[in-house]
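Here's input_19.cif, which has mmCIF, C-alpha atoms:
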```cif
data_entry
loop_
_atom_site.group_PDB
_atom_site.id
_atom_site.type_symbol
_atom_site.label_atom_id
_atom_site.label_comp_id
_atom_site.auth_asym_id
_atom_site.auth_seq_id
_atom_site.Cartn_x
_atom_site.Cartn_y
_atom_site.Cartn_z
ATOM 1 C CA MET A 1 -4.857 -9.559 19.012
ATOM 2 C CA PHE A 2 -5.274 -5.766 18.935
ATOM 3 C CA TYR A 3 -5.527 -5.918 15.124
ATOM 4 C CA TRP A 4 -8.646 -8.090 15.326
ATOM 5 C CA VAL A 5 -10.174 -5.906 18.044
ATOM 6 C CA VAL A 6 -9.764 -2.810 15.847
ATOM 7 C CA LYS A 7 -11.144 -4.662 12.811
ATOM 8 C CA ALA A 8 -14.124 -5.973 14.798
ATOM 9 C CA ILE A 9 -14.969 -2.442 15.942
ATOM 10 C CA LEU A 10 -14.273 -0.498 12.746
ATOM 11 C CA GLY A 11 -15.467 -3.114 10.270
ATOM 12 C CA PRO A 12 -19.227 -3.003 10.955
ATOM 13 C CA PHE A 13 -19.163 0.796 11.243
ATOM 14 C CA LEU A 14 -17.364 1.277 7.910
ATOM 15 C CA HIS A 15 -19.636 -1.218 6.164
ATOM 16 C CA LEU A 16 -22.726 0.547 7.488
ATOM 17 C CA VAL A 17 -21.631 4.094 6.649
ATOM 18 C CA PHE A 18 -19.650 3.648 3.415
ATOM 19 C CA ARG A 19 -20.869 0.303 2.004
ATOM 20 C CA PRO A 20 -17.474 -0.678 0.528
ATOM 21 C CA TRP A 21 -17.394 -3.309 -2.221
ATOM 22 C CA THR A 22 -14.815 -5.876 -3.229
ATOM 23 C CA GLU A 23 -13.929 -8.063 -6.207
ATOM 24 C CA GLY A 24 -11.552 -11.005 -6.411
ATOM 25 C CA ALA A 25 -11.009 -11.591 -2.685
ATOM 26 C CA ASP A 26 -10.662 -15.313 -3.475
ATOM 27 C CA ASN A 27 -7.366 -14.498 -5.193
ATOM 28 C CA VAL A 28 -5.786 -13.922 -1.770
ATOM 29 C CA PRO A 29 -4.417 -17.280 -0.514
ATOM 30 C CA LYS A 30 -6.112 -18.588 2.612
ATOM 31 C CA GLN A 31 -2.756 -19.545 4.112
ATOM 32 C CA GLY A 32 0.942 -19.109 3.503
ATOM 33 C CA PRO A 33 2.999 -16.002 2.741
ATOM 34 C CA ALA A 34 2.178 -13.590 -0.064
ATOM 35 C CA ILE A 35 2.631 -9.952 -0.985
ATOM 36 C CA LEU A 36 -0.326 -7.651 -1.540
ATOM 37 C CA ALA A 37 0.981 -4.878 -3.805
ATOM 38 C CA GLY A 38 -1.403 -1.949 -3.998
ATOM 39 C CA ASN A 39 -1.880 1.485 -5.463
ATOM 40 C CA HIS A 40 -1.932 4.230 -2.840
ATOM 41 C CA LEU A 41 -4.586 6.889 -3.343
ATOM 42 C CA SER A 42 -5.542 7.973 0.138
ATOM 43 C CA PHE A 43 -5.083 7.620 3.874
ATOM 44 C CA ALA A 44 -8.406 5.755 3.693
ATOM 45 C CA ASP A 45 -6.596 2.855 1.970
ATOM 46 C CA HIS A 46 -5.347 1.772 5.402
ATOM 47 C CA PHE A 47 -8.974 1.239 6.453
ATOM 48 C CA PHE A 48 -10.718 -0.164 3.406
ATOM 49 C CA GLY A 49 -8.031 -2.419 1.934
ATOM 50 C CA PRO A 50 -7.497 -4.906 4.785
ATOM 51 C CA LEU A 51 -11.186 -4.696 5.717
ATOM 52 C CA GLN A 52 -12.175 -6.851 2.755
ATOM 53 C CA ILE A 53 -10.223 -10.024 3.556
ATOM 54 C CA ARG A 54 -10.205 -12.334 6.549
ATOM 55 C CA ARG A 55 -6.444 -12.689 6.907
ATOM 56 C CA LYS A 56 -4.313 -10.207 8.801
ATOM 57 C CA VAL A 57 -2.372 -7.852 6.549
ATOM 58 C CA ILE A 58 0.933 -6.588 7.928
ATOM 59 C CA SER A 59 2.290 -3.460 6.267
ATOM 60 C CA LEU A 60 5.525 -1.502 6.531
ATOM 61 C CA GLY A 61 5.091 2.137 7.592
ATOM 62 C CA LYS A 62 7.453 5.007 8.205
ATOM 63 C CA ALA A 63 8.822 5.207 11.736
ATOM 64 C CA ASP A 64 7.439 8.766 12.064
ATOM 65 C CA TYR A 65 4.001 7.255 12.645
ATOM 66 C CA PHE A 66 5.260 5.821 15.921
ATOM 67 C CA THR A 67 7.375 8.672 17.288
ATOM 68 C CA GLY A 68 4.841 11.485 17.662
ATOM 69 C CA ARG A 69 4.240 13.058 21.059
ATOM 70 C CA GLY A 70 1.177 14.107 22.975
ATOM 71 C CA ILE A 71 -2.391 12.969 22.439
ATOM 72 C CA LYS A 72 -2.109 13.008 18.642
ATOM 73 C CA GLY A 73 1.068 10.928 18.731
ATOM 74 C CA PHE A 74 -0.549 8.426 21.087
ATOM 75 C CA PHE A 75 -3.599 7.897 18.884
ATOM 76 C CA THR A 76 -1.466 7.761 15.735
ATOM 77 C CA ARG A 77 0.643 4.956 17.235
ATOM 78 C CA LEU A 78 -2.502 3.222 18.433
ATOM 79 C CA PHE A 79 -4.112 3.382 14.999
ATOM 80 C CA PHE A 80 -1.133 2.138 13.000
ATOM 81 C CA SER A 81 -0.456 -0.641 15.486
ATOM 82 C CA GLY A 82 -4.123 -1.574 15.244
ATOM 83 C CA VAL A 83 -4.050 -1.844 11.445
ATOM 84 C CA GLY A 84 -0.973 -4.078 11.482
ATOM 85 C CA THR A 85 1.735 -1.566 10.553
ATOM 86 C CA VAL A 86 5.371 -2.346 11.398
ATOM 87 C CA PRO A 87 7.595 0.764 11.759
ATOM 88 C CA ILE A 88 10.623 1.078 9.462
ATOM 89 C CA ASP A 89 13.226 3.738 8.715
ATOM 90 C CA ARG A 90 12.758 4.844 5.081
ATOM 91 C CA SER A 91 15.688 7.264 4.891
ATOM 92 C CA GLY A 92 17.594 5.109 2.381
ATOM 93 C CA GLY A 93 20.914 3.267 2.390
ATOM 94 C CA LYS A 94 21.273 0.878 5.313
ATOM 95 C CA ALA A 95 17.780 1.835 6.465
ATOM 96 C CA SER A 96 16.314 0.542 3.189
ATOM 97 C CA GLU A 97 18.150 -2.743 3.644
ATOM 98 C CA ALA A 98 16.798 -3.020 7.179
ATOM 99 C CA ALA A 99 13.272 -2.444 5.843
ATOM 100 C CA LEU A 100 13.831 -5.234 3.324
ATOM 101 C CA ARG A 101 14.961 -7.569 6.105
ATOM 102 C CA THR A 102 11.842 -6.706 8.102
ATOM 103 C CA GLY A 103 9.623 -7.490 5.129
ATOM 104 C CA LEU A 104 11.382 -10.809 4.572
ATOM 105 C CA ARG A 105 10.910 -11.723 8.218
ATOM 106 C CA VAL A 106 7.174 -11.052 7.973
ATOM 107 C CA LEU A 107 6.918 -13.257 4.882
ATOM 108 C CA ARG A 108 9.040 -16.052 6.311
ATOM 109 C CA GLU A 109 6.727 -16.153 9.300
ATOM 110 C CA GLY A 110 3.935 -17.018 6.844
ATOM 111 C CA HIS A 111 2.085 -13.693 6.876
ATOM 112 C CA ILE A 112 0.498 -11.487 4.212
ATOM 113 C CA LEU A 113 2.647 -8.406 3.617
ATOM 114 C CA GLY A 114 0.949 -5.295 2.242
ATOM 115 C CA ILE A 115 3.108 -2.928 0.181
ATOM 116 C CA TYR A 116 2.510 0.266 -1.767
ATOM 117 C CA PRO A 117 5.191 0.134 -4.517
ATOM 118 C CA GLU A 118 4.731 3.835 -5.341
ATOM 119 C CA GLY A 119 6.228 4.576 -1.909
ATOM 120 C CA THR A 120 3.805 7.393 -1.110
ATOM 121 C CA ARG A 121 0.258 8.497 -1.840
ATOM 122 C CA SER A 122 -0.565 9.643 -5.348
ATOM 123 C CA PRO A 123 -0.682 13.454 -5.438
ATOM 124 C CA ASP A 124 -3.373 13.585 -8.118
ATOM 125 C CA GLY A 125 -5.086 10.198 -8.342
ATOM 126 C CA ARG A 126 -2.863 8.827 -11.119
ATOM 127 C CA LEU A 127 -0.685 5.712 -10.838
ATOM 128 C CA TYR A 128 3.035 6.371 -10.558
ATOM 129 C CA LYS A 129 6.199 4.363 -11.193
ATOM 130 C CA GLY A 130 6.846 1.585 -8.671
ATOM 131 C CA LYS A 131 9.989 1.221 -6.609
ATOM 132 C CA THR A 132 11.800 -2.099 -6.967
ATOM 133 C CA GLY A 133 11.731 -3.083 -3.288
ATOM 134 C CA VAL A 134 8.566 -5.090 -3.906
ATOM 135 C CA ALA A 135 10.382 -7.129 -6.570
ATOM 136 C CA ARG A 136 13.339 -7.774 -4.266
ATOM 137 C CA LEU A 137 10.992 -9.084 -1.602
ATOM 138 C CA ALA A 138 9.024 -11.279 -3.994
ATOM 139 C CA LEU A 139 12.142 -12.883 -5.451
ATOM 140 C CA GLU A 140 14.069 -13.320 -2.211
ATOM 141 C CA ALA A 141 11.094 -14.681 -0.276
ATOM 142 C CA ARG A 142 9.859 -16.644 -3.338
ATOM 143 C CA VAL A 143 6.227 -15.708 -2.804
ATOM 144 C CA PRO A 144 3.394 -14.711 -5.154
ATOM 145 C CA VAL A 145 2.340 -11.092 -5.584
ATOM 146 C CA ILE A 146 -1.365 -10.246 -5.562
ATOM 147 C CA PRO A 147 -2.207 -6.864 -7.167
ATOM 148 C CA TRP A 148 -4.452 -4.891 -4.826
ATOM 149 C CA ALA A 149 -6.259 -1.919 -6.410
ATOM 150 C CA MET A 150 -8.134 0.650 -4.360
ATOM 151 C CA ILE A 151 -11.010 2.344 -6.199
ATOM 152 C CA ASP A 152 -12.442 5.832 -5.511
ATOM 153 C CA THR A 153 -10.601 6.384 -2.221
ATOM 154 C CA TYR A 154 -8.848 9.414 -3.756
ATOM 155 C CA ASP A 155 -12.193 11.112 -4.444
ATOM 156 C CA MET A 156 -13.465 10.123 -1.014
ATOM 157 C CA MET A 157 -10.438 11.325 0.952
ATOM 158 C CA PRO A 158 -7.770 13.109 -1.124
ATOM 159 C CA PRO A 159 -4.470 14.192 0.465
ATOM 160 C CA GLY A 160 -5.043 16.988 2.965
ATOM 161 C CA ARG A 161 -8.659 16.120 3.708
ATOM 162 C CA PRO A 162 -9.014 15.127 7.403
ATOM 163 C CA LEU A 163 -12.271 13.176 7.075
ATOM 164 C CA PRO A 164 -13.732 11.056 4.244
ATOM 165 C CA LYS A 165 -16.639 12.327 2.149
ATOM 166 C CA LEU A 166 -19.954 10.601 2.527
ATOM 167 C CA GLY A 167 -21.805 9.290 -0.506
ATOM 168 C CA ILE A 168 -18.781 7.690 -2.186
ATOM 169 C CA ARG A 169 -18.525 3.886 -2.095
ATOM 170 C CA PRO A 170 -14.872 2.825 -1.975
ATOM 171 C CA GLY A 171 -13.885 -0.469 -3.512
ATOM 172 C CA VAL A 172 -10.974 -2.839 -3.815
ATOM 173 C CA ARG A 173 -10.098 -5.300 -6.565
ATOM 174 C CA PHE A 174 -7.733 -8.195 -5.975
ATOM 175 C CA GLY A 175 -6.075 -9.493 -9.136
ATOM 176 C CA LYS A 176 -4.817 -12.962 -9.960
ATOM 177 C CA PRO A 177 -1.561 -13.887 -8.173
ATOM 178 C CA LEU A 178 1.537 -13.011 -10.197
ATOM 179 C CA ASP A 179 4.130 -15.797 -10.340
ATOM 180 C CA PHE A 180 7.734 -14.658 -10.715
ATOM 181 C CA SER A 181 9.384 -18.042 -10.145
ATOM 182 C CA ARG A 182 11.139 -17.713 -13.527
ATOM 183 C CA TYR A 183 13.260 -14.980 -11.933
ATOM 184 C CA TYR A 184 14.166 -16.724 -8.665
ATOM 185 C CA GLY A 185 17.860 -16.355 -7.904
ATOM 186 C CA MET A 186 18.085 -13.159 -9.973
ATOM 187 C CA GLU A 187 17.171 -10.656 -7.237
ATOM 188 C CA ASP A 188 20.480 -8.798 -7.670
ATOM 189 C CA ASP A 189 19.838 -8.045 -11.344
ATOM 190 C CA ARG A 190 18.520 -4.477 -11.642
ATOM 191 C CA LEU A 191 16.924 -5.105 -15.022
ATOM 192 C CA VAL A 192 15.028 -8.082 -13.641
ATOM 193 C CA LEU A 193 13.859 -6.068 -10.629
ATOM 194 C CA ARG A 194 12.596 -3.296 -12.886
ATOM 195 C CA ALA A 195 10.841 -5.790 -15.174
ATOM 196 C CA VAL A 196 9.090 -7.470 -12.230
ATOM 197 C CA THR A 197 8.070 -4.131 -10.734
ATOM 198 C CA ASP A 198 6.735 -2.844 -14.050
ATOM 199 C CA GLU A 199 4.672 -6.029 -14.481
ATOM 200 C CA ILE A 200 3.133 -5.444 -11.047
ATOM 201 C CA MET A 201 2.371 -1.808 -11.855
ATOM 202 C CA TYR A 202 0.820 -2.785 -15.199
ATOM 203 C CA ALA A 203 -1.469 -5.228 -13.394
ATOM 204 C CA LEU A 204 -2.457 -2.441 -10.987
ATOM 205 C CA MET A 205 -3.151 -0.080 -13.868
ATOM 206 C CA GLU A 206 -5.419 -2.694 -15.484
ATOM 207 C CA LEU A 207 -7.290 -3.313 -12.232
ATOM 208 C CA SER A 208 -7.665 0.301 -11.134
ATOM 209 C CA GLY A 209 -8.224 1.999 -14.497
ATOM 210 C CA GLN A 210 -5.784 4.748 -13.477
ATOM 211 C CA GLU A 211 -3.664 6.726 -15.889
ATOM 212 C CA TYR A 212 -0.014 5.649 -15.531
ATOM 213 C CA VAL A 213 2.793 8.186 -15.113
ATOM 214 C CA ASP A 214 6.376 7.031 -15.737
ATOM 215 C CA LYS A 215 7.928 8.928 -12.851
ATOM 216 C CA TYR A 216 8.078 8.478 -9.092
ATOM 217 C CA ALA A 217 5.245 9.967 -7.055
ATOM 218 C CA ALA A 218 7.695 11.632 -4.665
ATOM 219 C CA SER A 219 9.330 13.488 -7.588
ATOM 220 C CA ALA A 220 5.922 14.501 -8.917
ATOM 221 C CA LYS A 221 5.020 15.960 -5.517
ATOM 222 C CA VAL A 222 8.186 18.070 -5.504
ATOM 223 C CA GLU A 223 7.456 19.347 -9.028
ATOM 224 C CA MET A 224 3.862 20.202 -8.111
ATOM 225 C CA GLU A 225 4.944 22.081 -5.016
ATOM 226 C CA ARG A 226 7.514 24.077 -7.008
ATOM 227 C CA ALA A 227 4.874 24.937 -9.597
ATOM 228 C CA ARG A 228 2.464 25.990 -6.854
ATOM 229 C CA ARG A 229 5.045 28.267 -5.256
ATOM 230 C CA ALA A 230 6.013 29.757 -8.617
ATOM 231 C CA ALA A 231 2.365 30.486 -9.401
ATOM 232 C CA ALA A 232 1.869 32.053 -5.972
ATOM 233 C CA THR A 233 4.851 34.385 -6.395
ATOM 234 C CA GLY A 234 4.151 35.095 -10.072
ATOM 235 C CA SER A 235 7.621 33.975 -11.115
#
```
Structure re-expressed in structure tokens:
Amino acid sequence: MFYWVVKAILGPFLHLVFRPWTEGADNVPKQGPAILAGNHLSFADHFFGPLQIRRKVISLGKADYFTGRGIKGFFTRLFFSGVGTVPIDRSGGKASEAALRTGLRVLREGHILGIYPEGTRSPDGRLYKGKTGVARLALEARVPVIPWAMIDTYDMMPPGRPLPKLGIRPGVRFGKPLDFSRYYGMEDDRLVLRAVTDEIMYALMELSGQEYVDKYAASAKVEMERARRAAATGS
């Protein structure tokens, strides 16, 4: 219920101020489970992606969003609960398996599950290699995957910027559903998982027009930070 209250309040305001646009919303099924697999350019994606469709989008978010203290922690929990985020532990190992189980539960309850296969926001606006969790979910739950490309949200609100820039119209493109039924029953095959994930990322690259980088975004962030520190120290 809170999700719809937040959407009813934020939706008209965001439409008035930013005039977001959308293409291909009819590709999202009107009922039944499906995965929305999107690129992740900005914190603003949490606002403008789900805004464009009538169904509730449930996403998996790091547990840190729900454990903060004080006023900031309270409003952070309130926001992520309001946009349909379910907290998960992303530390790896058994935690990753628990996150997978949570995603499967959401899908088996007939919901739309929103996922960012890159695992984190792009550090420079390019599209990075996808993690195979999205493929595991699609094959185990036997659901279609709809590519979900955010447009211009990086320029509007890049990492580190607290508020979005005015004058930039963010957009979202929904691609045709991807059917991976030919791989059902093969969710334990690593090569299959990589092939499925790469097909999803290729569809996102086509929709978004982003340059693709064949490395994980988290690794790229570490490399960029090392380079920044080296430049600062002159070493």
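Within the file as shown, the PyMOL selection byres ((chain A and resi 36) around 9) identifies A:Val28, A:Ala34, A:Ile35, A:Ala37, A:Gly38, A:Val57, A:Ile112, A:Leu113, A:Gly114, A:Ile115, A:Tyr116, A:Pro144, A:Val145, A:Ile146, A:Pro147, A:Trp148, A:Phe174.
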_Taking the file as I've supplied it (selection: the PyMOL selection byres ((chain A and resi 171) around 8)), which residues are included? Please answer as a PyMOL selection string._
chain A and resi 20-22+48+150-153+169-170+172-173
Around (-2.5, -1.9, -15.1) in the file's own coordinates, what residues are found within 12 Å if you use all atoms listed in the file, given back as an mmCIF file with C-alpha atoms, in the frame of the given file?
```
data_model
loop_
_atom_site.group_PDB
_atom_site.id
_atom_site.type_symbol
_atom_site.label_atom_id
_atom_site.label_comp_id
_atom_site.auth_asym_id
_atom_site.auth_seq_id
_atom_site.Cartn_x
_atom_site.Cartn_y
_atom_site.Cartn_z
ATOM 1 C CA GLY A 38 -1.403 -1.949 -3.998
ATOM 2 C CA ASN A 39 -1.880 1.485 -5.463
ATOM 3 C CA ARG A 126 -2.863 8.827 -11.119
ATOM 4 C CA LEU A 127 -0.685 5.712 -10.838
ATOM 5 C CA TYR A 128 3.035 6.371 -10.558
ATOM 6 C CA LYS A 129 6.199 4.363 -11.193
ATOM 7 C CA GLY A 130 6.846 1.585 -8.671
ATOM 8 C CA PRO A 147 -2.207 -6.864 -7.167
ATOM 9 C CA TRP A 148 -4.452 -4.891 -4.826
ATOM 10 C CA ALA A 149 -6.259 -1.919 -6.410
ATOM 11 C CA ARG A 173 -10.098 -5.300 -6.565
ATOM 12 C CA GLY A 175 -6.075 -9.493 -9.136
ATOM 13 C CA THR A 197 8.070 -4.131 -10.734
ATOM 14 C CA ASP A 198 6.735 -2.844 -14.050
ATOM 15 C CA GLU A 199 4.672 -6.029 -14.481
ATOM 16 C CA ILE A 200 3.133 -5.444 -11.047
ATOM 17 C CA MET A 201 2.371 -1.808 -11.855
ATOM 18 C CA TYR A 202 0.820 -2.785 -15.199
ATOM 19 C CA ALA A 203 -1.469 -5.228 -13.394
ATOM 20 C CA LEU A 204 -2.457 -2.441 -10.987
ATOM 21 C CA MET A 205 -3.151 -0.080 -13.868
ATOM 22 C CA GLU A 206 -5.419 -2.694 -15.484
ATOM 23 C CA LEU A 207 -7.290 -3.313 -12.232
ATOM 24 C CA SER A 208 -7.665 0.301 -11.134
ATOM 25 C CA GLY A 209 -8.224 1.999 -14.497
ATOM 26 C CA GLN A 210 -5.784 4.748 -13.477
ATOM 27 C CA GLU A 211 -3.664 6.726 -15.889
ATOM 28 C CA TYR A 212 -0.014 5.649 -15.531
ATOM 29 C CA VAL A 213 2.793 8.186 -15.113
#
```
*d(atom CA of Leu139 of chain A, atom CA of Ala195 of chain A) in Å*: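 If I compute the distance from atom CA of Leu139 of chain A to atom CA of Ala195 of chain A, I get 12.1 Å.
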*Using only C-alpha atoms, which of the listed residues (A:Pro177, A:Gly234, A:Gly110, A:Gly61) sits closest to Gly24 of chain A?*
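That would be A:Pro177, the residue with the smallest distance to Gly24 of chain A.
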*Selection dump of the PyMOL selection byres ((chain A and resi 154) around 7), as a VMD selection string*: chain A and resid 41 to 42 125 152 to 153 155 to 158
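Here atom CA of Ser59 of chain A is placed at a distance of 10.3 Å from atom CA of His111 of chain A.
Nearest residue to Met224 of chain A, choosing from A:Glu140, A:Phe74, A:Glu97, A:Pro123 and counting all atoms listed in the file: A:Pro123.
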*Record the distance separating atom CA of Arg55 of chain A and atom CA of Asn27 of chain A, expressed in Å with one decimal.*
12.3 Å
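Distance annotation: of A:Ala99, A:Met186, A:Pro33, A:Ile168, the residue with the minimal separation from Ala135 of chain A is A:Met186; atom set is all atoms listed in the file.
Closest approach to Ala220 of chain A among A:Arg121, A:Arg69, A:Lys131, A:His46 is made by A:Arg121 (distances from all atoms listed in the file).
Here the question is which of A:Leu16, A:Lys221, A:Ala8, A:Val86 gets nearest to Leu51 of chain A using all atoms listed in the file, and that residue is A:Ala8.
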*For Pro117 of chain A, the nearest of the candidates A:Phe43, A:Ile9, A:Val196, A:Leu14, counting all atoms listed in the file*: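 Smallest distance to Pro117 of chain A is found for A:Val196.
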Using all atoms listed in the file, determine which residues lie at most 10 Å from Gly185 of chain A, disregarding the query and same-chain residues fewer than 2 positions distant; provide the list as a PDB file with C-alpha atoms, in the coordinates of the input.
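Contents of out_15.pdb, as written:
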```
ATOM      1  CA  LEU A 139      12.142 -12.883  -5.451  1.00  0.00           C
ATOM      2  CA  GLU A 140      14.069 -13.320  -2.211  1.00  0.00           C
ATOM      3  CA  ARG A 142       9.859 -16.644  -3.338  1.00  0.00           C
ATOM      4  CA  SER A 181       9.384 -18.042 -10.145  1.00  0.00           C
ATOM      5  CA  ARG A 182      11.139 -17.713 -13.527  1.00  0.00           C
ATOM      6  CA  TYR A 183      13.260 -14.980 -11.933  1.00  0.00           C
ATOM      7  CA  GLU A 187      17.171 -10.656  -7.237  1.00  0.00           C
ATOM      8  CA  ASP A 188      20.480  -8.798  -7.670  1.00  0.00           C
ATOM      9  CA  ASP A 189      19.838  -8.045 -11.344  1.00  0.00           C
TER      10      ASP A 189
END
```
